[in-house]
file data.tsv (TSV, C-alpha atoms)
chain	number	residue	atom	x	y	z
A	1	MET	CA	19.35	-15.42	-6.05
A	2	LYS	CA	17.33	-12.20	-5.89
A	3	LEU	CA	15.70	-10.74	-8.99
A	4	HIS	CA	17.99	-7.71	-9.17
A	5	GLU	CA	21.03	-9.99	-8.90
A	6	VAL	CA	19.74	-12.17	-11.74
A	7	ILE	CA	19.24	-9.14	-13.97
A	8	LYS	CA	22.75	-7.83	-13.24
A	9	LEU	CA	24.31	-11.26	-13.79
A	10	LEU	CA	22.52	-11.75	-17.12
A	11	ARG	CA	23.48	-8.25	-18.26
A	12	GLU	CA	27.12	-8.88	-17.39
A	13	ASP	CA	27.08	-12.36	-18.99
A	14	LYS	CA	25.87	-10.76	-22.22
A	15	LYS	CA	28.62	-8.13	-21.92
A	16	LEU	CA	26.07	-5.31	-21.90
A	17	THR	CA	26.63	-2.03	-20.11
A	18	GLN	CA	23.81	-0.55	-18.07
A	19	GLU	CA	23.51	2.09	-20.80
A	20	LYS	CA	23.07	-0.54	-23.53
A	21	LEU	CA	20.51	-2.53	-21.53
A	22	ALA	CA	18.63	0.69	-20.78
A	23	GLU	CA	18.64	1.54	-24.49
A	24	TYR	CA	17.44	-1.92	-25.51
A	25	ALA	CA	14.79	-1.96	-22.76
A	26	LYS	CA	13.71	1.64	-23.43
A	27	LEU	CA	14.43	2.60	-19.81
A	28	THR	CA	16.96	4.95	-18.24
A	29	ARG	CA	20.42	3.94	-17.14
A	30	GLY	CA	19.62	5.34	-13.71
A	31	TYR	CA	16.65	2.99	-13.42
A	32	ILE	CA	18.78	-0.01	-14.41
A	33	SER	CA	21.38	1.05	-11.85
A	34	ARG	CA	18.81	1.35	-9.04
A	35	LEU	CA	17.23	-1.93	-10.10
A	36	GLU	CA	20.53	-3.80	-10.01
A	37	LYS	CA	21.26	-2.39	-6.55
A	38	GLY	CA	17.83	-3.52	-5.35
A	39	THR	CA	16.68	0.04	-4.66
A	40	TYR	CA	13.41	0.47	-6.52
A	41	THR	CA	11.29	3.61	-6.60
A	42	ASP	CA	8.22	1.60	-5.57
A	43	ASP	CA	7.64	-1.94	-4.30
A	44	SER	CA	9.36	-3.63	-7.22
A	45	PRO	CA	9.48	-3.42	-11.00
A	46	SER	CA	6.15	-4.00	-12.68
A	47	ILE	CA	5.65	-6.97	-14.98
A	48	LYS	CA	5.53	-4.50	-17.85
A	49	THR	CA	8.97	-3.14	-16.89
A	50	LEU	CA	10.34	-6.64	-16.35
A	51	LYS	CA	9.16	-7.58	-19.84
A	52	LYS	CA	11.07	-4.60	-21.25
A	53	ILE	CA	14.19	-5.71	-19.38
A	54	ALA	CA	13.74	-9.30	-20.55
A	55	ASN	CA	13.42	-8.08	-24.14
A	56	GLY	CA	16.52	-5.92	-23.67
A	57	LEU	CA	18.41	-8.95	-22.39
A	58	GLY	CA	17.03	-11.17	-25.16
A	59	GLU	CA	15.63	-13.62	-22.62
A	60	PRO	CA	12.08	-14.80	-21.85
A	61	LEU	CA	10.64	-13.16	-18.74
A	62	GLU	CA	9.81	-16.59	-17.29
A	63	TYR	CA	13.49	-17.56	-17.51
A	64	ILE	CA	14.56	-14.48	-15.54
A	65	LEU	CA	11.89	-14.99	-12.89
A	66	ASN	CA	12.66	-18.70	-12.61
A	67	LYS	CA	16.37	-17.95	-12.05
A	68	ALA	CA	15.19	-15.76	-9.16
A	69	GLY	CA	13.04	-18.63	-7.88
A	70	ILE	CA	9.65	-17.06	-8.58
A	71	THR	CA	6.83	-17.41	-11.09
A	72	GLN	CA	5.13	-14.55	-12.88
A	73	GLU	CA	1.84	-15.42	-11.18
A	74	ASN	CA	3.41	-15.38	-7.71
A	75	TYR	CA	5.27	-12.16	-8.51
A	76	ILE	CA	2.01	-10.41	-9.35
A	77	LYS	CA	0.16	-11.95	-6.37
A	78	SER	CA	2.84	-10.87	-3.89
A	79	ALA	CA	2.77	-7.25	-5.02
A	80	SER	CA	1.13	-4.45	-3.07
A	81	THR	CA	-2.31	-3.39	-4.28
A	82	PRO	CA	-1.01	-0.51	-6.44
A	83	MET	CA	1.75	-2.71	-7.85
A	84	PHE	CA	-0.73	-5.51	-8.54
A	85	LEU	CA	-3.13	-3.16	-10.33
A	86	ARG	CA	-0.30	-1.68	-12.38
A	87	ALA	CA	1.09	-5.11	-13.29
A	88	LYS	CA	-2.15	-6.99	-13.86
A	89	TYR	CA	-4.30	-4.27	-15.45
A	90	ASN	CA	-1.76	-1.64	-16.56
A	91	LEU	CA	-3.51	1.13	-14.59
A	92	ASN	CA	-2.05	4.58	-14.06
A	93	GLU	CA	-1.82	6.34	-10.67
A	94	GLN	CA	-5.21	8.08	-10.96
A	95	GLN	CA	-6.95	4.85	-11.95
A	96	ILE	CA	-5.26	3.01	-9.07
A	97	HIS	CA	-6.45	5.68	-6.63
A	98	THR	CA	-10.00	5.33	-7.98
A	99	VAL	CA	-9.93	1.53	-7.57
A	100	GLU	CA	-8.48	1.79	-4.05
A	101	SER	CA	-11.19	4.33	-3.10
A	102	PHE	CA	-13.86	1.99	-4.43
A	103	ILE	CA	-12.39	-0.96	-2.47
A	104	GLU	CA	-12.38	1.16	0.70
A	105	HIS	CA	-16.02	2.11	0.06
A	106	VAL	CA	-17.01	-1.56	-0.39
A	107	LYS	CA	-15.13	-2.53	2.79
A	108	ASN	CA	-16.99	0.16	4.75
A	109	GLN	CA	-20.32	-0.98	3.31
A	110	LEU	CA	-19.60	-4.58	4.34
A	111	LYS	CA	-18.48	-3.48	7.80
A	112	ASN	CA	-21.71	-1.50	8.26
A	113	LYS	CA	-23.82	-4.50	7.24
A	114	LYS	CA	-22.12	-6.65	9.90
A	115	SER	CA	-22.87	-4.09	12.63

call {"tool": "encode", "arguments": {"input": "data.tsv", "output": "structure tokens"}}
result
Amino acid sequence: MKLHEVIKLLREDKKLTQEKLAEYAKLTRGYISRLEKGTYTDDSPSIKTLKKIANGLGEPLEYILNKAGITQENYIKSASTPMFLRAKYNLNEQQIHTVESFIEHVKNQLKNKKS
């Protein structure tokens, strides 16, 4: 079962509306709706957002991820670089851009040393 399906199933099992889950998770109903449809605004929800949803559902995050067949560690590892930085280090967009620029600089330096 996919993560968004697990979240929807748990919400429905607990007889919560999207509005109530959004309120409990301190997110918007629109976000919950997009999440449950599997249409995210970026790669996938961050661990921080998933923790809010887990709290809103009254379930441990590990339980939700396990029902989707993934571990928290693998979820973070499989994320894109911006998603990983947001999930692992709680960086904002400007900080992520700075880190990505630094990584690109290091890659160029290493490439030049090989030449």

call {"tool": "residues_around", "arguments": {"input": "data.tsv", "residues": "A:Glu59", "least_positions_apart": "4", "cutoff": "12 Å", "atoms": "all atoms listed in the file", "output": "JSON, numbers by chain"}}
result
{"A": [6, 7, 10, 11, 14, 25, 50, 51, 52, 53, 54, 55, 63, 64, 65, 66, 67]}

call {"tool": "atom_distance", "arguments": {"input": "data.tsv", "atom1": "atom CA of A:Leu3", "atom2": "atom CA of A:Ile32"}}
result
12.4 Å

call {"tool": "closest_residue", "arguments": {"input": "data.tsv", "among": "A:Ala68, A:His105, A:Ser46, A:Leu110", "to": "A:Leu85", "atoms": "all atoms listed in the file"}}
result
A:Ser46

call {"tool": "atom_distance", "arguments": {"input": "data.tsv", "atom1": "atom CA of A:Asn90", "atom2": "atom CA of A:Lys37"}}
result
25.1 Å

call {"tool": "closest_residue", "arguments": {"input": "data.tsv", "among": "A:His4, A:Lys107, A:Lys77, A:Lys26", "to": "A:Pro45", "atoms": "only C-alpha atoms"}}
result
A:His4

call {"tool": "closest_residue", "arguments": {"input": "data.tsv", "among": "A:Val99, A:Leu61, A:Leu35, A:Leu91", "to": "A:Lys8", "atoms": "all atoms listed in the file"}}
result
A:Leu35

call {"tool": "residues_around", "arguments": {"input": "data.tsv", "residues": "A:Ser33", "least_positions_apart": "4", "cutoff": "10 Å", "atoms": "all atoms listed in the file", "output": "PDB file with C-alpha atoms, keeping the file's coordinate frame"}}
result
ATOM      1  CA  HIS A   4      17.990  -7.710  -9.170  1.00  0.00           C
ATOM      2  CA  LYS A   8      22.750  -7.830 -13.240  1.00  0.00           C
ATOM      3  CA  GLN A  18      23.810  -0.550 -18.070  1.00  0.00           C
ATOM      4  CA  GLU A  19      23.510   2.090 -20.800  1.00  0.00           C
ATOM      5  CA  ALA A  22      18.630   0.690 -20.780  1.00  0.00           C
ATOM      6  CA  THR A  28      16.960   4.950 -18.240  1.00  0.00           C
ATOM      7  CA  ARG A  29      20.420   3.940 -17.140  1.00  0.00           C
ATOM      8  CA  LYS A  37      21.260  -2.390  -6.550  1.00  0.00           C
ATOM      9  CA  GLY A  38      17.830  -3.520  -5.350  1.00  0.00           C
ATOM     10  CA  THR A  39      16.680   0.040  -4.660  1.00  0.00           C
ATOM     11  CA  TYR A  40      13.410   0.470  -6.520  1.00  0.00           C
TER      12      TYR A  40
END

call {"tool": "atom_distance", "arguments": {"input": "data.tsv", "atom1": "atom CA of A:Ile76", "atom2": "atom CA of A:Asp13"}}
result
26.9 Å

call {"tool": "axis_aligned_box", "arguments": {"input": "data.tsv", "around": "stretch 24-32 of chain A", "padding_each_side": "3 Å", "output": "JSON"}}
result
{"center_x": 17.1, "center_y": 1.7, "center_z": -19.5, "size_x": 12.7, "size_y": 13.3, "size_z": 18.1}
